[in-house]
file structure.cif (mmCIF, C-alpha atoms and all ligand atoms)
data_work
loop_
_atom_site.group_PDB
_atom_site.id
_atom_site.type_symbol
_atom_site.label_atom_id
_atom_site.label_comp_id
_atom_site.auth_asym_id
_atom_site.auth_seq_id
_atom_site.Cartn_x
_atom_site.Cartn_y
_atom_site.Cartn_z
ATOM 1 C CA MET W 3 -31.295 -5.320 -20.445
ATOM 2 C CA VAL W 4 -33.514 -6.430 -23.288
ATOM 3 C CA LEU W 5 -32.308 -5.366 -26.699
ATOM 4 C CA VAL W 6 -34.640 -4.801 -29.662
ATOM 5 C CA ASP W 7 -33.632 -5.529 -33.251
ATOM 6 C CA THR W 8 -35.599 -3.604 -35.879
ATOM 7 C CA HIS W 9 -33.957 -5.107 -38.976
ATOM 8 C CA ALA W 10 -33.517 -8.833 -39.697
ATOM 9 C CA HIS W 11 -33.984 -11.028 -42.769
ATOM 10 C CA LEU W 12 -35.486 -13.893 -40.843
ATOM 11 C CA LEU W 13 -38.363 -15.069 -43.027
ATOM 12 C CA PRO W 14 -37.164 -18.014 -45.092
ATOM 13 C CA PHE W 15 -37.713 -18.590 -48.824
ATOM 14 C CA TRP W 16 -38.110 -14.937 -49.727
ATOM 15 C CA ASP W 17 -34.895 -12.937 -50.132
ATOM 16 C CA ASP W 18 -31.206 -13.340 -49.382
ATOM 17 C CA GLY W 19 -31.916 -13.999 -45.694
ATOM 18 C CA ALA W 20 -32.662 -17.295 -43.909
ATOM 19 C CA ASP W 21 -32.511 -20.118 -46.459
ATOM 20 C CA ARG W 22 -34.743 -22.569 -44.517
ATOM 21 C CA TRP W 23 -36.805 -22.889 -41.352
ATOM 22 C CA ASP W 24 -33.857 -24.310 -39.382
ATOM 23 C CA THR W 25 -31.778 -21.256 -40.228
ATOM 24 C CA ALA W 26 -34.553 -18.916 -39.106
ATOM 25 C CA LEU W 27 -34.967 -20.797 -35.823
ATOM 26 C CA GLY W 28 -31.185 -20.847 -35.326
ATOM 27 C CA MET W 29 -31.124 -17.084 -35.833
ATOM 28 C CA LEU W 30 -33.863 -16.678 -33.223
ATOM 29 C CA ARG W 31 -31.935 -18.917 -30.828
ATOM 30 C CA ALA W 32 -28.823 -16.747 -31.359
ATOM 31 C CA ALA W 33 -30.960 -13.666 -30.685
ATOM 32 C CA GLU W 34 -32.181 -15.110 -27.416
ATOM 33 C CA GLU W 35 -28.631 -15.968 -26.314
ATOM 34 C CA ASP W 36 -27.751 -12.377 -27.191
ATOM 35 C CA GLU W 37 -30.473 -11.051 -24.851
ATOM 36 C CA ILE W 38 -32.528 -9.696 -27.714
ATOM 37 C CA GLY W 39 -36.128 -9.614 -26.517
ATOM 38 C CA ALA W 40 -37.837 -8.573 -29.740
ATOM 39 C CA VAL W 41 -36.972 -8.717 -33.413
ATOM 40 C CA VAL W 42 -38.675 -7.459 -36.556
ATOM 41 C CA CYS W 43 -38.791 -9.585 -39.715
ATOM 42 C CA THR W 44 -37.870 -7.200 -42.526
ATOM 43 C CA PRO W 45 -38.158 -9.034 -45.849
ATOM 44 C CA HIS W 46 -36.940 -6.942 -48.777
ATOM 45 C CA ILE W 47 -39.755 -5.293 -50.712
ATOM 46 C CA LEU W 48 -38.025 -4.184 -53.880
ATOM 47 C CA SER W 49 -41.019 -2.845 -55.813
ATOM 48 C CA PRO W 50 -44.790 -2.361 -55.560
ATOM 49 C CA LYS W 51 -45.082 -5.755 -57.301
ATOM 50 C CA ASP W 52 -43.417 -7.443 -54.317
ATOM 51 C CA MET W 53 -46.166 -5.955 -52.141
ATOM 52 C CA GLU W 54 -48.637 -8.219 -53.963
ATOM 53 C CA HIS W 55 -47.088 -11.062 -51.928
ATOM 54 C CA GLU W 56 -47.937 -9.397 -48.641
ATOM 55 C CA ASP W 57 -50.556 -11.997 -47.679
ATOM 56 C CA ALA W 58 -48.113 -14.855 -48.325
ATOM 57 C CA LEU W 59 -45.487 -13.110 -46.202
ATOM 58 C CA TRP W 60 -47.965 -12.827 -43.336
ATOM 59 C CA VAL W 61 -48.697 -16.557 -43.599
ATOM 60 C CA ARG W 62 -44.964 -17.298 -43.446
ATOM 61 C CA TYR W 63 -44.582 -14.948 -40.494
ATOM 62 C CA GLU W 64 -47.377 -16.750 -38.609
ATOM 63 C CA GLU W 65 -45.675 -20.049 -39.322
ATOM 64 C CA LEU W 66 -42.384 -18.709 -37.970
ATOM 65 C CA VAL W 67 -44.122 -17.514 -34.801
ATOM 66 C CA GLY W 68 -45.692 -20.967 -34.401
ATOM 67 C CA ARG W 69 -42.445 -22.868 -35.008
ATOM 68 C CA SER W 70 -40.599 -20.548 -32.629
ATOM 69 C CA ALA W 71 -43.148 -21.189 -29.856
ATOM 70 C CA GLU W 72 -42.949 -24.949 -30.508
ATOM 71 C CA ALA W 73 -39.172 -24.738 -30.129
ATOM 72 C CA GLY W 74 -39.646 -23.034 -26.761
ATOM 73 C CA LEU W 75 -38.136 -19.736 -27.882
ATOM 74 C CA LYS W 76 -39.271 -16.599 -26.088
ATOM 75 C CA VAL W 77 -38.060 -13.797 -28.352
ATOM 76 C CA LYS W 78 -41.012 -11.698 -29.538
ATOM 77 C CA ILE W 79 -41.252 -11.668 -33.328
ATOM 78 C CA HIS W 80 -42.784 -8.701 -35.149
ATOM 79 C CA MET W 81 -43.562 -8.229 -38.812
ATOM 80 C CA GLY W 82 -42.359 -5.410 -41.035
ATOM 81 C CA SER W 83 -40.278 -4.972 -44.174
ATOM 82 C CA GLU W 84 -37.267 -3.231 -45.660
ATOM 83 C CA LEU W 85 -38.598 -1.091 -48.483
ATOM 84 C CA PHE W 86 -36.433 -0.280 -51.436
ATOM 85 C CA ALA W 87 -37.272 3.365 -52.123
ATOM 86 C CA HIS W 88 -39.766 3.462 -54.978
ATOM 87 C CA PRO W 89 -42.345 6.113 -55.919
ATOM 88 C CA GLY W 90 -45.163 3.530 -55.966
ATOM 89 C CA ILE W 91 -44.586 1.999 -52.532
ATOM 90 C CA ASP W 92 -47.783 2.046 -50.479
ATOM 91 C CA LEU W 93 -46.954 2.941 -46.891
ATOM 92 C CA LYS W 94 -50.494 2.130 -45.774
ATOM 93 C CA ARG W 95 -49.805 -1.585 -46.219
ATOM 94 C CA ARG W 96 -49.543 -3.427 -42.909
ATOM 95 C CA ILE W 97 -46.008 -4.667 -43.483
ATOM 96 C CA ALA W 98 -44.806 -1.212 -44.541
ATOM 97 C CA THR W 99 -44.342 -0.092 -40.932
ATOM 98 C CA PRO W 100 -42.578 -2.359 -38.401
ATOM 99 C CA ALA W 101 -44.946 -3.903 -35.839
ATOM 100 C CA GLN W 102 -47.642 -1.933 -37.709
ATOM 101 C CA ASN W 103 -46.729 1.262 -35.885
ATOM 102 C CA GLY W 104 -48.252 3.322 -38.722
ATOM 103 C CA ARG W 105 -45.556 5.971 -38.576
ATOM 104 C CA TYR W 106 -41.972 4.763 -39.160
ATOM 105 C CA PHE W 107 -40.799 2.705 -42.131
ATOM 106 C CA LEU W 108 -37.437 1.115 -42.844
ATOM 107 C CA VAL W 109 -36.087 2.152 -46.230
ATOM 108 C CA GLU W 110 -32.986 1.499 -48.316
ATOM 109 C CA PHE W 111 -31.719 3.241 -51.446
ATOM 110 C CA PRO W 112 -29.508 2.426 -54.408
ATOM 111 C CA MET W 113 -25.994 2.166 -52.885
ATOM 112 C CA GLY W 114 -24.428 4.428 -55.505
ATOM 113 C CA SER W 115 -26.908 7.267 -55.898
ATOM 114 C CA MET W 116 -27.804 7.992 -52.316
ATOM 115 C CA PRO W 117 -28.313 10.717 -51.219
ATOM 116 C CA ASP W 118 -28.768 12.349 -54.661
ATOM 117 C CA PHE W 119 -31.911 10.327 -55.182
ATOM 118 C CA VAL W 120 -33.150 11.049 -51.682
ATOM 119 C CA LEU W 121 -32.673 14.772 -51.910
ATOM 120 C CA LYS W 122 -34.215 14.996 -55.396
ATOM 121 C CA GLY W 123 -37.665 13.782 -54.483
ATOM 122 C CA PHE W 124 -37.897 11.046 -51.926
ATOM 123 C CA PHE W 125 -38.969 13.304 -49.074
ATOM 124 C CA THR W 126 -41.676 14.928 -51.168
ATOM 125 C CA GLN W 127 -43.083 11.519 -52.168
ATOM 126 C CA ILE W 128 -43.907 10.414 -48.653
ATOM 127 C CA GLY W 129 -46.775 11.764 -46.601
ATOM 128 C CA LYS W 130 -46.097 14.004 -43.615
ATOM 129 C CA GLU W 131 -47.435 11.319 -41.283
ATOM 130 C CA TYR W 132 -44.542 8.987 -42.137
ATOM 131 C CA THR W 133 -40.925 9.108 -40.977
ATOM 132 C CA PRO W 134 -38.243 7.191 -42.868
ATOM 133 C CA VAL W 135 -35.702 5.162 -40.947
ATOM 134 C CA ILE W 136 -32.795 4.945 -43.376
ATOM 135 C CA ALA W 137 -31.093 1.562 -43.231
ATOM 136 C CA HIS W 138 -27.278 1.439 -43.030
ATOM 137 C CA PRO W 139 -26.394 4.969 -44.245
ATOM 138 C CA GLU W 140 -22.751 4.149 -43.420
ATOM 139 C CA ARG W 141 -22.701 1.752 -46.387
ATOM 140 C CA TYR W 142 -23.680 4.309 -49.032
ATOM 141 C CA ALA W 143 -20.795 5.498 -51.194
ATOM 142 C CA ARG W 144 -21.774 9.173 -51.009
ATOM 143 C CA ILE W 145 -22.020 9.143 -47.225
ATOM 144 C CA ILE W 146 -18.666 7.345 -46.929
ATOM 145 C CA GLN W 147 -17.099 9.967 -49.195
ATOM 146 C CA ASN W 148 -18.706 12.757 -47.200
ATOM 147 C CA PRO W 149 -20.405 11.791 -43.918
ATOM 148 C CA ARG W 150 -21.650 15.366 -43.607
ATOM 149 C CA GLU W 151 -24.322 14.508 -46.178
ATOM 150 C CA ALA W 152 -25.951 12.340 -43.514
ATOM 151 C CA MET W 153 -26.679 15.528 -41.617
ATOM 152 C CA ILE W 154 -28.879 16.756 -44.473
ATOM 153 C CA LEU W 155 -30.971 13.590 -44.272
ATOM 154 C CA VAL W 156 -31.506 14.029 -40.547
ATOM 155 C CA GLU W 157 -32.328 17.715 -41.013
ATOM 156 C CA LYS W 158 -34.980 16.649 -43.532
ATOM 157 C CA GLY W 159 -36.573 14.475 -40.881
ATOM 158 C CA ALA W 160 -35.083 11.013 -41.428
ATOM 159 C CA LEU W 161 -33.803 8.754 -38.686
ATOM 160 C CA LEU W 162 -30.645 6.743 -39.273
ATOM 161 C CA GLN W 163 -30.111 3.065 -38.423
ATOM 162 C CA ILE W 164 -26.588 1.706 -38.663
ATOM 163 C CA ASN W 165 -25.697 -1.994 -38.789
ATOM 164 C CA ALA W 166 -24.102 -3.717 -35.806
ATOM 165 C CA GLY W 167 -21.693 -5.449 -38.209
ATOM 166 C CA SER W 168 -20.464 -2.104 -39.561
ATOM 167 C CA LEU W 169 -19.134 -1.206 -36.105
ATOM 168 C CA LEU W 170 -17.283 -4.523 -35.965
ATOM 169 C CA GLY W 171 -15.591 -4.023 -39.342
ATOM 170 C CA VAL W 172 -17.616 -6.700 -41.136
ATOM 171 C CA PHE W 173 -17.989 -4.480 -44.221
ATOM 172 C CA GLY W 174 -14.449 -3.051 -44.139
ATOM 173 C CA GLY W 175 -12.542 -0.192 -42.564
ATOM 174 C CA ALA W 176 -14.108 2.680 -44.492
ATOM 175 C CA ILE W 177 -17.646 1.682 -43.499
ATOM 176 C CA LYS W 178 -16.612 1.162 -39.866
ATOM 177 C CA GLU W 179 -14.978 4.593 -39.847
ATOM 178 C CA THR W 180 -18.119 6.170 -41.312
ATOM 179 C CA ALA W 181 -20.352 4.483 -38.726
ATOM 180 C CA VAL W 182 -18.162 5.906 -35.950
ATOM 181 C CA LYS W 183 -18.258 9.384 -37.499
ATOM 182 C CA LEU W 184 -22.051 9.259 -37.604
ATOM 183 C CA LEU W 185 -22.129 8.167 -33.953
ATOM 184 C CA ASP W 186 -19.687 10.925 -32.978
ATOM 185 C CA ALA W 187 -21.999 13.449 -34.645
ATOM 186 C CA ASN W 188 -25.132 12.134 -32.852
ATOM 187 C CA LEU W 189 -26.661 11.194 -36.203
ATOM 188 C CA VAL W 190 -27.412 7.582 -35.301
ATOM 189 C CA HIS W 191 -30.832 6.819 -33.819
ATOM 190 C CA MET W 192 -30.590 3.043 -33.566
ATOM 191 C CA VAL W 193 -28.370 0.061 -34.289
ATOM 192 C CA ALA W 194 -29.804 -3.138 -35.782
ATOM 193 C CA SER W 195 -28.389 -6.466 -36.896
ATOM 194 C CA ASP W 196 -29.564 -6.543 -40.546
ATOM 195 C CA ALA W 197 -29.063 -10.281 -39.974
ATOM 196 C CA HIS W 198 -29.123 -12.581 -42.976
ATOM 197 C CA ASP W 199 -27.840 -15.921 -41.671
ATOM 198 C CA LEU W 200 -26.178 -17.746 -38.785
ATOM 199 C CA LYS W 201 -22.532 -16.872 -39.337
ATOM 200 C CA ALA W 202 -21.544 -14.162 -41.789
ATOM 201 C CA ARG W 203 -24.325 -11.749 -40.784
ATOM 202 C CA PRO W 204 -25.764 -13.152 -37.550
ATOM 203 C CA LEU W 205 -28.632 -11.946 -35.405
ATOM 204 C CA ARG W 206 -26.423 -10.542 -32.664
ATOM 205 C CA LEU W 207 -26.176 -7.084 -31.144
ATOM 206 C CA GLN W 208 -24.115 -7.512 -27.957
ATOM 207 C CA PRO W 209 -20.616 -7.193 -29.528
ATOM 208 C CA ALA W 210 -21.602 -3.876 -31.133
ATOM 209 C CA PHE W 211 -23.421 -2.827 -27.933
ATOM 210 C CA THR W 212 -20.110 -3.251 -26.074
ATOM 211 C CA VAL W 213 -18.271 -1.132 -28.658
ATOM 212 C CA VAL W 214 -20.802 1.692 -28.269
ATOM 213 C CA ALA W 215 -20.986 1.389 -24.453
ATOM 214 C CA GLU W 216 -17.186 1.557 -24.118
ATOM 215 C CA LYS W 217 -16.858 4.625 -26.309
ATOM 216 C CA TYR W 218 -20.041 6.573 -25.571
ATOM 217 C CA GLY W 219 -21.297 5.120 -22.281
ATOM 218 C CA ARG W 220 -23.929 2.574 -21.362
ATOM 219 C CA GLU W 221 -26.795 5.043 -21.387
ATOM 220 C CA LYS W 222 -26.241 5.911 -25.038
ATOM 221 C CA ALA W 223 -25.848 2.227 -25.932
ATOM 222 C CA GLN W 224 -29.102 1.404 -24.185
ATOM 223 C CA ARG W 225 -30.831 4.158 -26.112
ATOM 224 C CA LEU W 226 -29.561 2.951 -29.508
ATOM 225 C CA PHE W 227 -29.998 -0.801 -28.979
ATOM 226 C CA ALA W 228 -33.080 -0.931 -26.765
ATOM 227 C CA ASP W 229 -35.020 2.256 -26.021
ATOM 228 C CA ASN W 230 -35.241 3.885 -29.457
ATOM 229 C CA PRO W 231 -35.939 0.599 -31.291
ATOM 230 C CA ALA W 232 -38.761 -0.101 -28.816
ATOM 231 C CA ARG W 233 -40.123 3.397 -29.371
ATOM 232 C CA ILE W 234 -40.082 2.808 -33.138
ATOM 233 C CA LEU W 235 -42.195 -0.332 -32.710
ATOM 234 C CA ARG W 236 -44.696 1.626 -30.608
ATOM 235 C CA GLY W 237 -44.723 4.560 -33.051
ATOM 236 C CA GLU W 238 -43.412 6.963 -30.385
ATOM 237 C CA ASP W 239 -40.870 9.784 -30.710
ATOM 238 C CA VAL W 240 -37.255 8.641 -30.436
ATOM 239 C CA ILE W 241 -34.693 10.299 -28.172
ATOM 240 C CA ALA W 242 -31.826 12.057 -29.926
ATOM 241 C CA ASP W 243 -29.012 14.395 -28.892
ATOM 242 C CA PRO W 244 -28.534 17.495 -31.057
ATOM 243 C CA PRO W 245 -26.253 16.776 -34.042
ATOM 244 C CA ARG W 246 -22.619 17.842 -33.806
ATOM 245 C CA PRO W 247 -20.536 19.062 -36.752
ATOM 246 C CA ILE W 248 -18.533 16.527 -38.737
ATOM 247 C CA GLU W 249 -15.108 17.572 -39.942
ATOM 248 C CA GLU W 250 -14.487 17.471 -43.675
ATOM 249 C CA ALA W 251 -13.505 14.033 -44.933
ATOM 250 C CA PRO W 252 -9.949 13.599 -46.198
ATOM 251 C CA LYS W 253 -9.689 12.927 -49.942
ATOM 252 C CA ARG W 254 -9.496 9.184 -50.558
ATOM 253 C CA GLY W 255 -7.148 7.500 -52.997
ATOM 254 C CA PHE W 256 -8.203 5.269 -55.880
ATOM 255 C CA TRP W 257 -7.815 1.964 -53.986
ATOM 256 C CA GLN W 258 -9.851 3.180 -51.026
ATOM 257 C CA ARG W 259 -12.611 4.339 -53.362
ATOM 258 C CA LEU W 260 -12.553 0.987 -55.107
ATOM 259 C CA GLU W 261 -12.882 -0.817 -51.756
ATOM 260 C CA ILE W 262 -15.916 1.300 -50.891
ATOM 261 C CA MET W 263 -17.622 0.765 -54.239
ATOM 262 C CA THR W 264 -17.092 -2.994 -54.347
ATOM 263 C CA LYS W 265 -18.206 -3.910 -50.808
ATOM 264 C CA LYS W 266 -21.280 -6.123 -50.847
HETATM 265 FE FE FE S 1 -31.538 -5.417 -44.735
#
call {"tool": "encode", "arguments": {"input": "structure.cif", "output": "structure tokens"}}
result
Amino acid sequence: MVLVDTHAHLLPFWDDGADRWDTALGMLRAAEEDEIGAVVCTPHILSPKDMEHEDALWVRYEELVGRSAEAGLKVKIHMGSELFAHPGIDLKRRIATPAQNGRYFLVEFPMGSMPDFVLKGFFTQIGKEYTPVIAHPERYARIIQNPREAMILVEKGALLQINAGSLLGVFGGAIKETAVKLLDANLVHMVASDAHDLKARPLRLQPAFTVVAEKYGREKAQRLFADNPARILRGEDVIADPPRPIEEAPKRGFWQRLEIMTKK
């Protein structure tokens, strides 16, 4: 089965992702070994000012595609971005929607004030023709404290993308637990790598695919790691089961809260 990764910091010399061309090519090689057939470059766009560099990012993307072909790699590389939620972000820009699907955009929020910020205006700022795909909701402090708040985001029309590493415990136990709760409640629409490098945050999906397949079955895993991500790139509706209730979170102690707030 060919997996599709909708979130990867592959483009070098831009953000905290690949630090040079070799790293980017190594990440693509790892993706190929992992049976990932397509990946989206999602450089961070932190403000409308970053969007002024769109042309330069396209040039770098084309160079990556060329170097990848020269290296004999087959993984299909798409262009997109990870938008930091900002009132001035222009969703009509070509890199605003992954693979230029014109409908879905990948968005992240301030770790501490989500979903307050989201509920207070984000959904009214975007046009009806656009659907936000919220990156790694399981890492936001408010969602960890109360995963039921994720339900509100989905009810408002957002899709949720969790990180493969979260399911493997890369970001700690509380985030892993939250990711599982969101999966249990059918609130996860896709899993992506959010890869940044070769080792700490690699471009791999298979280990997390196995976790999901063992707990929820292969069909669900295929949907979250292959089918829905491919539908996002084509701008088509995703497939989702109806959400299930999440039980109230137990109150966390001081040290657990500190762990959540200090995770990078
Ligand atoms: Fe990211």
call {"tool": "residues_around", "arguments": {"input": "structure.cif", "residues": "Phe211 of chain W", "least_positions_apart": "5", "cutoff": "9 Å", "atoms": "only C-alpha atoms", "output": "PyMOL selection string"}}
result
chain W and resi 166+193+216+220+223-224+226-227
call {"tool": "residues_near_ligand", "arguments": {"input": "structure.cif", "ligand": "ligand FE 1 (chain S)", "cutoff": "10 Å", "atoms": "only C-alpha atoms and all ligand atoms", "output": "PyMOL selection string"}}
result
chain W and resi 8-11+17-19+43-46+83-86+108-110+137-138+165+194-198
call {"tool": "residues_around", "arguments": {"input": "structure.cif", "residues": "Arg141 of chain W", "least_positions_apart": "5", "cutoff": "8 Å", "atoms": "all atoms listed in the file", "output": "ChimeraX atom specification"}}
result
/W:113,146,177
call {"tool": "closest_residue", "arguments": {"input": "structure.cif", "among": "W:Leu200, W:Ile154, W:Ala33, W:Ile145", "to": "Glu179 of chain W", "atoms": "all atoms listed in the file"}}
result
W:Ile145
call {"tool": "closest_residue", "arguments": {"input": "structure.cif", "among": "W:Gly68, W:Gly74, W:Gly129, W:Gly114", "to": "Leu93 of chain W", "atoms": "only C-alpha atoms"}}
result
W:Gly129
call {"tool": "atom_distance", "arguments": {"input": "structure.cif", "atom1": "atom CA of Ala181 of chain W", "atom2": "atom CA of Gln127 of chain W"}}
result
27.3 Å
